[in-house]
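Asks: Dropping a structure here in structure tokens format, bear with me for questions.
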2 protein chains.
Amino acid sequence: MAAELGVSRTTVSNAYNRPDQLSPALRRRVLDTARRLGYPGPDPVARSLRTRKAGAVGLLLTEALSYAFRDPVAVQFLEGLALACEDNGSGLLLVPVSPEADDPGAVARAGVDGFVVYSMPDDDDNFAAVLERPVPVVVCDQPTAVSDVDRVGIDDHAAMVDMARHLAGLGHRRVGVLCMRLSTERNDGFASVGRQENARYEVQRRRLSGLREGFAEAGVDWSTVPVVERFDHSESAGASGAEQLLARHDVTAIACTSDLLALGALRHVRESGRRVPEEVSITGFDGVPAAERAELTTIRQPTLDKGRAAGELLLDRGDRQRSRTLLLPTELLARATSGPPPER
Amino acid sequence: MAAELGVSRTTVSNAYNRPDQLSPALRRRVLDTARRLGYPGPDPVARSLRTRKAGAVGLLLTEALSYAFRDPVAVQFLEGLALACEDNGSGLLLVPVSPEADDPGAVARAGVDGFVVYSMPDDDDNFAAVLERPVPVVVCDQPTAVSDVDRVGIDDHAAMVDMARHLAGLGHRRVGVLCMRLSTERNDGFASVGRQENARYEVQRRRLSGLREGFAEAGVDWSTVPVVERFDHSESAGASGAEQLLARHDVTAIACTSDLLALGALRHVRESGRRVPEEVSITGFDGVPAAERAELTTIRQPTLDKGRAAGELLLDRGDRQRSRTLLLPTELLARATSGPPPER
DNA sequence: GTGAAAGCGCTAACAA
DNA sequence: TTGTTAGCGCTTTCAC
């Protein structure tokens, strides 16, 4: 301890943390001595132990850490979350999870004051580990079947009912769907109704059920609607999904459960010589910037606001009495990739 | 302590950390009791204090936290860094810095095993605070004038010499430049040679000096070359910069020190009715995806690899004897936005 | 395979 | 304004 150098440890501590508690001269002297002796200042970990504050928010994602920076929706969510963190002076800790290993160790080992959980599957070990921790938790999007945590999300079902009505209203009856992964194991291909209903990803389940309901209103029998699933969330997955769908089914519209998939589908459909929307309509979900450039018909969701709201909910030491749920609005953007189906 | 429940604290600790050190039956019993009693498992902060490992890498950026997710180059760097972190099982802590406050507290308070510093100005307080911490540090890009830290970067000067030669080789002699901020205070407008040479951002300084050298070889007097500076790094800053440049100077080429600026310049130039590259050539720097889509002539730098290398350098507990410097290669991509100047 | 003791470096009360 | 006293919760020799 630098205490050996004239003063006591309290004084040293105060020199760093409460400048107003001691004379400027003394403070200067303490700091100078510290520097001379090579004392690097209070150890942050020891301080955290004592103060019971880590000064950081943990973020848990479905995917590997680096995915956070590959998916444009995740990036926007993170920007919002970071905004909330910086307002609060909190750090943002991206918690590593090994998708393979059944090792929730990283979660247990994270020095954070709370967790934001972004879009995890039902029954996830890492998420379970988060709930074990005696810190506040905010879940974004999924899973929703959890008590005692705050939640931020949108009404995925209702948004997709709108989308189905939009397409049905244009006259589409022979439609296909392209969706994201429905289980944690890779399963690229057509997804049966049973598989859809038992999807481990609630968001996908709800988006599909929304489409189902909306199309049902127009008399479309859902069991005849082909649903193609892709494990990877990327444009090329969207392209290959569209290819698989169109190879077997003659549809006039493809509703995708994300913009990335829709953008890929759009590319494939055009490259295969079909015109959009004259021959095939394509719709997405999310409202990413690239979708705007492509004039994709989609559902805009306030991704950045979700991130900020999640951060604020977590950091807001207000009424943490009962768990709060925030449902943000979405908006159907009918743009250039949807139109009436071709005449028979 | 759960020790009151049959066994000692060592045993409890072992139950969590060294399953092989005690009988499975006992371990099970300990864990069950812990659950029943609501013991959440070892406190990560206390554990860190004892083991002297935080299990996380800290990242320090020039800008506010959320900037990390707004700038495509930063996002790619982060993806690479995250890749290295996840290979190591480390977390990634984005350290909040208040650009206004002269408070390096967040850096001092971050519980991390090391820092990656990404592109900071010379003489930055937060960076200085990082150097005070007794942990390893890797600096990416700037500042370079630091001893005892590992570094990752590119040869900005040489890359821009190439770019100047490219433009000069096409025949350009009346050129303008659009660069990023040169000081930490906002100063949008023309930058004198003196201001360029005294820029607090080494990367900008070197990119400008590279252009200067390359154009000098073709006989261009640098003091006649207008250099427009923009504080914000965005497309719209690029557009307004190009506008300001063209309003006063009749140039046949605009060399930008980033793709984002170049993309904005491109937009402005086209919107103002000029053809690219027939009337004006425009070049960027970085090689972001959007630049590829726009067919922008640019310098590609391996941004993701820089991030990964930075992470590996930091986490690699190998020869930490002397500081290592890694210079990654760049590549001039001559695409569709550069061509011969118009005939007089 | 298990327990006892020692301390990681700090800050919050309180007393002087 | 400064010093004293107690831990924060854990892991780690080392002895049993």
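Residues in the structure tokens are named by chain (A, B, ... in the order shown) and by number from 1 within that chain; ligands are numbered from 1 in the order shown.
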May I have the residues of chain A within 9 Å of chain B, counting only C-alpha atoms, written as JSON, numbers by chain?
Replies: {"A": [38, 39, 40, 41, 42, 43, 44, 45, 46, 47, 48, 49, 52, 54, 55, 56, 58, 64, 65, 66, 67, 68, 69, 70, 75, 76, 78, 79, 80, 81, 82, 83, 84, 85, 86, 87, 89, 90, 91, 92, 93, 94, 95, 96, 97, 98, 106, 108, 109, 110, 111, 112, 132, 133, 134]}
Asks: Using the selection just defined, write its residues with C-alpha atoms as a PDB file, in the first residue's frame.
Replies:
ATOM      1  CA  GLY A  38       4.489   3.161  -9.816  1.00  0.00           C
ATOM      2  CA  TYR A  39       1.170   2.671  -8.094  1.00  0.00           C
ATOM      3  CA  PRO A  40      -1.357   2.388 -10.902  1.00  0.00           C
ATOM      4  CA  GLY A  41      -4.374   3.631  -8.992  1.00  0.00           C
ATOM      5  CA  PRO A  42      -7.139   1.640  -7.371  1.00  0.00           C
ATOM      6  CA  ASP A  43      -7.611  -1.828  -8.776  1.00  0.00           C
ATOM      7  CA  PRO A  44     -10.947  -1.824 -10.568  1.00  0.00           C
ATOM      8  CA  VAL A  45     -11.808  -5.377  -9.680  1.00  0.00           C
ATOM      9  CA  ALA A  46     -11.190  -4.897  -5.990  1.00  0.00           C
ATOM     10  CA  ARG A  47     -13.200  -1.735  -6.141  1.00  0.00           C
ATOM     11  CA  SER A  48     -16.047  -3.547  -7.828  1.00  0.00           C
ATOM     12  CA  LEU A  49     -15.977  -6.218  -5.180  1.00  0.00           C
ATOM     13  CA  ARG A  52     -20.844  -4.110  -5.623  1.00  0.00           C
ATOM     14  CA  ALA A  54     -19.177  -3.528 -12.065  1.00  0.00           C
ATOM     15  CA  GLY A  55     -19.999  -0.501 -14.180  1.00  0.00           C
ATOM     16  CA  ALA A  56     -20.919  -2.648 -17.129  1.00  0.00           C
ATOM     17  CA  GLY A  58     -23.592  -7.734 -20.172  1.00  0.00           C
ATOM     18  CA  ALA A  64     -21.069 -16.288 -31.472  1.00  0.00           C
ATOM     19  CA  LEU A  65     -19.768 -12.929 -30.376  1.00  0.00           C
ATOM     20  CA  SER A  66     -18.690 -11.817 -33.793  1.00  0.00           C
ATOM     21  CA  TYR A  67     -22.188 -12.310 -35.172  1.00  0.00           C
ATOM     22  CA  ALA A  68     -23.131  -9.144 -33.380  1.00  0.00           C
ATOM     23  CA  PHE A  69     -21.149  -7.248 -35.958  1.00  0.00           C
ATOM     24  CA  ARG A  70     -22.169  -9.214 -39.009  1.00  0.00           C
ATOM     25  CA  VAL A  75     -25.588  -3.884 -35.138  1.00  0.00           C
ATOM     26  CA  GLN A  76     -28.440  -1.438 -34.910  1.00  0.00           C
ATOM     27  CA  LEU A  78     -26.266  -2.672 -30.267  1.00  0.00           C
ATOM     28  CA  GLU A  79     -25.993   0.940 -31.301  1.00  0.00           C
ATOM     29  CA  GLY A  80     -29.144   1.695 -29.361  1.00  0.00           C
ATOM     30  CA  LEU A  81     -27.931  -0.261 -26.388  1.00  0.00           C
ATOM     31  CA  ALA A  82     -24.583   1.506 -26.514  1.00  0.00           C
ATOM     32  CA  LEU A  83     -26.390   4.836 -26.536  1.00  0.00           C
ATOM     33  CA  ALA A  84     -28.144   3.947 -23.322  1.00  0.00           C
ATOM     34  CA  CYS A  85     -24.910   2.684 -21.794  1.00  0.00           C
ATOM     35  CA  GLU A  86     -22.941   5.770 -22.603  1.00  0.00           C
ATOM     36  CA  ASP A  87     -25.610   8.004 -21.146  1.00  0.00           C
ATOM     37  CA  GLY A  89     -21.384   5.820 -18.082  1.00  0.00           C
ATOM     38  CA  SER A  90     -21.680   2.069 -18.216  1.00  0.00           C
ATOM     39  CA  GLY A  91     -19.514  -0.218 -20.242  1.00  0.00           C
ATOM     40  CA  LEU A  92     -20.938  -2.837 -22.543  1.00  0.00           C
ATOM     41  CA  LEU A  93     -19.584  -6.342 -22.151  1.00  0.00           C
ATOM     42  CA  LEU A  94     -20.180  -8.751 -24.967  1.00  0.00           C
ATOM     43  CA  VAL A  95     -20.314 -12.104 -23.258  1.00  0.00           C
ATOM     44  CA  PRO A  96     -18.710 -14.924 -25.174  1.00  0.00           C
ATOM     45  CA  VAL A  97     -20.709 -18.083 -25.538  1.00  0.00           C
ATOM     46  CA  SER A  98     -19.383 -21.208 -27.099  1.00  0.00           C
ATOM     47  CA  ALA A 106     -18.747 -17.302 -19.450  1.00  0.00           C
ATOM     48  CA  ALA A 108     -21.310 -16.987 -14.656  1.00  0.00           C
ATOM     49  CA  ARG A 109     -17.939 -15.333 -14.948  1.00  0.00           C
ATOM     50  CA  ALA A 110     -19.029 -12.009 -16.373  1.00  0.00           C
ATOM     51  CA  GLY A 111     -18.539  -9.067 -14.065  1.00  0.00           C
ATOM     52  CA  VAL A 112     -21.638  -7.061 -14.887  1.00  0.00           C
ATOM     53  CA  GLU A 132     -29.354 -17.765 -12.051  1.00  0.00           C
ATOM     54  CA  ARG A 133     -27.359 -14.616 -11.575  1.00  0.00           C
ATOM     55  CA  PRO A 134     -28.699 -12.254  -8.927  1.00  0.00           C
TER      56      PRO A 134
END
Asks: Give me the residues near DC16 in chain D as a compact mmCIF listing (two decimals) with all heavy atoms, in the first residue's frame, where near means some atom within 10 Å (using only C-alpha atoms (C1' of nucleotides)) and where sequence neighbours in that chain fewer than 4 positions away do not count.
Replies:
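What ended up in part_3.txt:
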# COMPACT_ATOMS: atom_id res chain seq x y z
P DT C 2 -14.85 -35.34 -0.69
OP1 DT C 2 -16.08 -35.87 -0.05
OP2 DT C 2 -14.91 -34.69 -1.99
O5' DT C 2 -14.17 -34.40 0.37
C5' DT C 2 -14.23 -34.80 1.75
C4' DT C 2 -13.37 -33.86 2.55
O4' DT C 2 -12.08 -33.72 1.95
C3' DT C 2 -13.92 -32.44 2.70
O3' DT C 2 -14.39 -32.32 4.03
C2' DT C 2 -12.72 -31.55 2.39
C1' DT C 2 -11.55 -32.51 2.45
N1 DT C 2 -10.34 -32.19 1.64
C2 DT C 2 -9.21 -31.75 2.29
O2 DT C 2 -9.13 -31.61 3.50
N3 DT C 2 -8.15 -31.49 1.47
C4 DT C 2 -8.11 -31.63 0.08
O4 DT C 2 -7.10 -31.37 -0.55
C5 DT C 2 -9.33 -32.08 -0.52
C7 DT C 2 -9.41 -32.26 -2.00
C6 DT C 2 -10.39 -32.34 0.27
P DG C 3 -15.04 -30.95 4.48
OP1 DG C 3 -16.04 -31.23 5.53
OP2 DG C 3 -15.42 -30.18 3.30
O5' DG C 3 -13.80 -30.26 5.20
C5' DG C 3 -13.44 -30.73 6.49
C4' DG C 3 -12.31 -29.88 7.05
O4' DG C 3 -11.21 -29.88 6.11
C3' DG C 3 -12.66 -28.42 7.30
O3' DG C 3 -12.13 -28.05 8.57
C2' DG C 3 -11.97 -27.67 6.17
C1' DG C 3 -10.76 -28.56 5.91
N9 DG C 3 -10.27 -28.50 4.54
C8 DG C 3 -11.02 -28.76 3.41
N7 DG C 3 -10.32 -28.66 2.31
C5 DG C 3 -9.05 -28.32 2.73
C6 DG C 3 -7.87 -28.07 1.98
O6 DG C 3 -7.72 -28.12 0.77
N1 DG C 3 -6.79 -27.75 2.81
C2 DG C 3 -6.86 -27.68 4.18
N2 DG C 3 -5.73 -27.35 4.80
N3 DG C 3 -7.95 -27.92 4.89
C4 DG C 3 -9.00 -28.22 4.10
P DA C 4 -12.53 -26.71 9.28
OP1 DA C 4 -13.44 -27.02 10.38
OP2 DA C 4 -12.95 -25.76 8.24
O5' DA C 4 -11.15 -26.21 9.87
C5' DA C 4 -9.91 -26.81 9.51
C4' DA C 4 -8.76 -25.83 9.78
O4' DA C 4 -8.02 -25.64 8.54
C3' DA C 4 -9.19 -24.43 10.21
O3' DA C 4 -8.13 -23.88 10.97
C2' DA C 4 -9.38 -23.72 8.88
C1' DA C 4 -8.24 -24.33 8.03
N9 DA C 4 -8.59 -24.46 6.62
C8 DA C 4 -9.84 -24.74 6.08
N7 DA C 4 -9.85 -24.82 4.78
C5 DA C 4 -8.54 -24.58 4.43
C6 DA C 4 -7.90 -24.54 3.18
N6 DA C 4 -8.52 -24.74 2.02
N1 DA C 4 -6.56 -24.29 3.17
C2 DA C 4 -5.93 -24.10 4.33
N3 DA C 4 -6.43 -24.12 5.58
C4 DA C 4 -7.74 -24.37 5.54
Asks: Quick one: everything within 10 Å of DA15 in chain C, counting only C-alpha atoms (C1' of nucleotides), minus sequence neighbours fewer than 3 positions away in the same chain. Send it as an MDAnalysis selection string.
Replies: chainID D and resid 3:5
Asks: Give me, as an MDAnalysis selection string, the residues of chain A touching chain D, with the criterion being at most 8 Å (counting only C-alpha atoms (C1' of nucleotides)).
Replies: chainID A and resid 8 10:11 21:23 49:52
Asks: Residues near Ser192 in chain A, anyone? I mean within 9 Å using only C-alpha atoms (C1' of nucleotides), not counting same-chain ones fewer than 4 positions away, as number ranges by chain.
Replies: A: 196-197, 223, 226-227
Asks: Could you save the residues just selected, with N, CA, C and O atoms, as a compact mmCIF listing (two decimals), in the first residue's frame?
Replies:
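Result file is selection-v4.txt:
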# COMPACT_ATOMS: atom_id res chain seq x y z
N GLN A 196 -43.04 -25.86 -37.83
CA GLN A 196 -43.27 -24.43 -37.62
C GLN A 196 -43.84 -24.16 -36.23
O GLN A 196 -43.42 -23.24 -35.54
N GLU A 197 -44.80 -25.01 -35.87
CA GLU A 197 -45.49 -24.76 -34.60
C GLU A 197 -44.61 -25.06 -33.39
O GLU A 197 -44.83 -24.53 -32.31
N SER A 223 -51.80 -25.19 -44.97
CA SER A 223 -51.08 -26.45 -45.17
C SER A 223 -50.57 -26.57 -46.61
O SER A 223 -49.74 -27.43 -46.91
N PRO A 226 -45.89 -23.47 -48.98
CA PRO A 226 -44.54 -24.00 -48.73
C PRO A 226 -43.72 -23.01 -47.90
O PRO A 226 -43.70 -21.81 -48.19
N VAL A 227 -43.10 -23.55 -46.87
CA VAL A 227 -42.24 -22.73 -46.01
C VAL A 227 -40.83 -23.29 -46.06
O VAL A 227 -40.60 -24.44 -45.69
Asks: Just need the residues of chain C within 8 Å of chain A, counting only C-alpha atoms (C1' of nucleotides), so spit them out as a count of residues only.
Replies: 4
Asks: Can you check which residues of range 286-333 of chain B DSSP gives as strand (DSSP E or B) on the backbone and send them as a PyMOL selection string?
Replies: chain B and resi 286+297-300+325-328+331-333
Asks: Would you mind exporting N, CA, C and O atoms of the selected residues as an mmCIF file, in the first residue's frame?
Replies:
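Written output follows (result00.cif):
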data_model
loop_
_atom_site.group_PDB
_atom_site.id
_atom_site.type_symbol
_atom_site.label_atom_id
_atom_site.label_comp_id
_atom_site.auth_asym_id
_atom_site.auth_seq_id
_atom_site.Cartn_x
_atom_site.Cartn_y
_atom_site.Cartn_z
ATOM 1 N N ASP B 286 -10.278 2.525 -47.663
ATOM 2 C CA ASP B 286 -10.765 1.532 -46.681
ATOM 3 C C ASP B 286 -11.212 0.244 -47.346
ATOM 4 O O ASP B 286 -10.847 -0.841 -46.910
ATOM 5 N N THR B 297 -13.176 3.598 -56.730
ATOM 6 C CA THR B 297 -11.729 3.374 -56.707
ATOM 7 C C THR B 297 -11.241 3.696 -55.294
ATOM 8 O O THR B 297 -11.548 4.763 -54.760
ATOM 9 N N THR B 298 -10.510 2.764 -54.715
ATOM 10 C CA THR B 298 -10.144 2.963 -53.310
ATOM 11 C C THR B 298 -8.907 2.139 -52.940
ATOM 12 O O THR B 298 -8.372 1.410 -53.772
ATOM 13 N N ILE B 299 -8.484 2.306 -51.703
ATOM 14 C CA ILE B 299 -7.440 1.455 -51.152
ATOM 15 C C ILE B 299 -8.125 0.457 -50.232
ATOM 16 O O ILE B 299 -8.825 0.855 -49.304
ATOM 17 N N ARG B 300 -7.928 -0.802 -50.495
ATOM 18 C CA ARG B 300 -8.506 -1.792 -49.590
ATOM 19 C C ARG B 300 -7.537 -2.054 -48.455
ATOM 20 O O ARG B 300 -6.352 -2.292 -48.675
ATOM 21 N N THR B 325 5.248 -5.095 -33.728
ATOM 22 C CA THR B 325 4.454 -4.257 -34.615
ATOM 23 C C THR B 325 4.111 -5.051 -35.857
ATOM 24 O O THR B 325 4.978 -5.666 -36.466
ATOM 25 N N LEU B 326 2.831 -5.045 -36.187
ATOM 26 C CA LEU B 326 2.367 -5.798 -37.339
ATOM 27 C C LEU B 326 1.859 -4.806 -38.376
ATOM 28 O O LEU B 326 0.923 -4.054 -38.101
ATOM 29 N N LEU B 327 2.478 -4.814 -39.563
ATOM 30 C CA LEU B 327 2.012 -3.930 -40.626
ATOM 31 C C LEU B 327 1.337 -4.779 -41.686
ATOM 32 O O LEU B 327 1.981 -5.618 -42.327
ATOM 33 N N LEU B 328 0.039 -4.582 -41.860
ATOM 34 C CA LEU B 328 -0.709 -5.401 -42.808
ATOM 35 C C LEU B 328 -0.706 -4.765 -44.193
ATOM 36 O O LEU B 328 -0.571 -3.554 -44.324
ATOM 37 N N GLU B 331 -4.076 -2.575 -50.692
ATOM 38 C CA GLU B 331 -4.149 -2.829 -52.124
ATOM 39 C C GLU B 331 -4.949 -1.731 -52.795
ATOM 40 O O GLU B 331 -6.033 -1.367 -52.333
ATOM 41 N N LEU B 332 -4.410 -1.210 -53.867
ATOM 42 C CA LEU B 332 -5.139 -0.184 -54.627
ATOM 43 C C LEU B 332 -6.141 -0.872 -55.544
ATOM 44 O O LEU B 332 -5.769 -1.744 -56.325
ATOM 45 N N LEU B 333 -7.404 -0.507 -55.408
ATOM 46 C CA LEU B 333 -8.423 -1.067 -56.285
ATOM 47 C C LEU B 333 -8.892 0.021 -57.246
ATOM 48 O O LEU B 333 -9.643 0.915 -56.858
#
Asks: Report as a VMD selection string all protein, DNA and RNA residues lying within 12 Å of Asp124 in chain A, evaluated on only C-alpha atoms (C1' of nucleotides), omitting residues in the same chain fewer than 5 positions from it.
Replies: chain A and resid 60 to 63 97 99 102 to 104 117 119 129 to 131 142 to 143 183 to 184 200 to 201
Asks: Can I get the selection written as a compact mmCIF listing (two decimals), in the first residue's frame, with C-alpha atoms?
Replies:
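Resulting contents of part.txt:
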# COMPACT_ATOMS: atom_id res chain seq x y z
CA LEU A 60 -25.97 -12.19 -24.43
CA LEU A 61 -26.69 -13.13 -28.02
CA THR A 62 -27.87 -16.23 -29.79
CA GLU A 63 -24.77 -16.49 -31.82
CA VAL A 97 -20.71 -18.08 -25.54
CA PRO A 99 -22.28 -22.47 -29.21
CA ASP A 102 -22.53 -26.87 -22.81
CA ASP A 103 -20.53 -24.47 -20.68
CA PRO A 104 -22.44 -21.55 -19.25
CA VAL A 117 -30.51 -10.84 -23.55
CA SER A 119 -33.19 -12.85 -29.13
CA ALA A 129 -27.36 -19.24 -16.48
CA VAL A 130 -28.23 -15.57 -16.78
CA LEU A 131 -31.39 -16.11 -14.79
CA GLN A 142 -37.39 -13.73 -27.17
CA PRO A 143 -37.93 -15.82 -25.19
CA SER A 183 -34.26 -25.03 -34.23
CA THR A 184 -30.73 -24.90 -32.99
CA ARG A 200 -37.70 -23.09 -30.68
CA TYR A 201 -37.50 -19.50 -31.80
Asks: Tell me, in Å to one decimal, how far CA of Ser209 in chain A is from CA of Arg181 in chain A.
Replies: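 Between these atoms lies a distance of 15.1 Å.
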Asks: Calculated over only C-alpha atoms, which of the candidates A:Glu312, A:Asp232, A:Glu292, A:Asp20 has the smallest distance to Cys179 in chain A?
Replies: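 Going through A:Glu312, A:Asp232, A:Glu292, A:Asp20 one by one, the smallest distance to Cys179 in chain A is for A:Asp232.
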Asks: Could you tell me how far CA of Gln244 in chain A sits from CA of Ala159 in chain A, in Å to one decimal place?
Replies: 25.8 Å
Asks: Considering only alpha helix (DSSP H) as DSSP defines it on the backbone, what residues of range 131-287 of chain A qualify? List them as a PyMOL selection string.
Replies: chain A and resi 131-132+156-170+193-197+202-217+235-248+259-271
Asks: What is the distance, in Å and to one decimal place, between CA of Ala255 in chain A and CA of Arg207 in chain A?
Replies: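 Rounded to one decimal, the two atoms are 10.3 Å apart.
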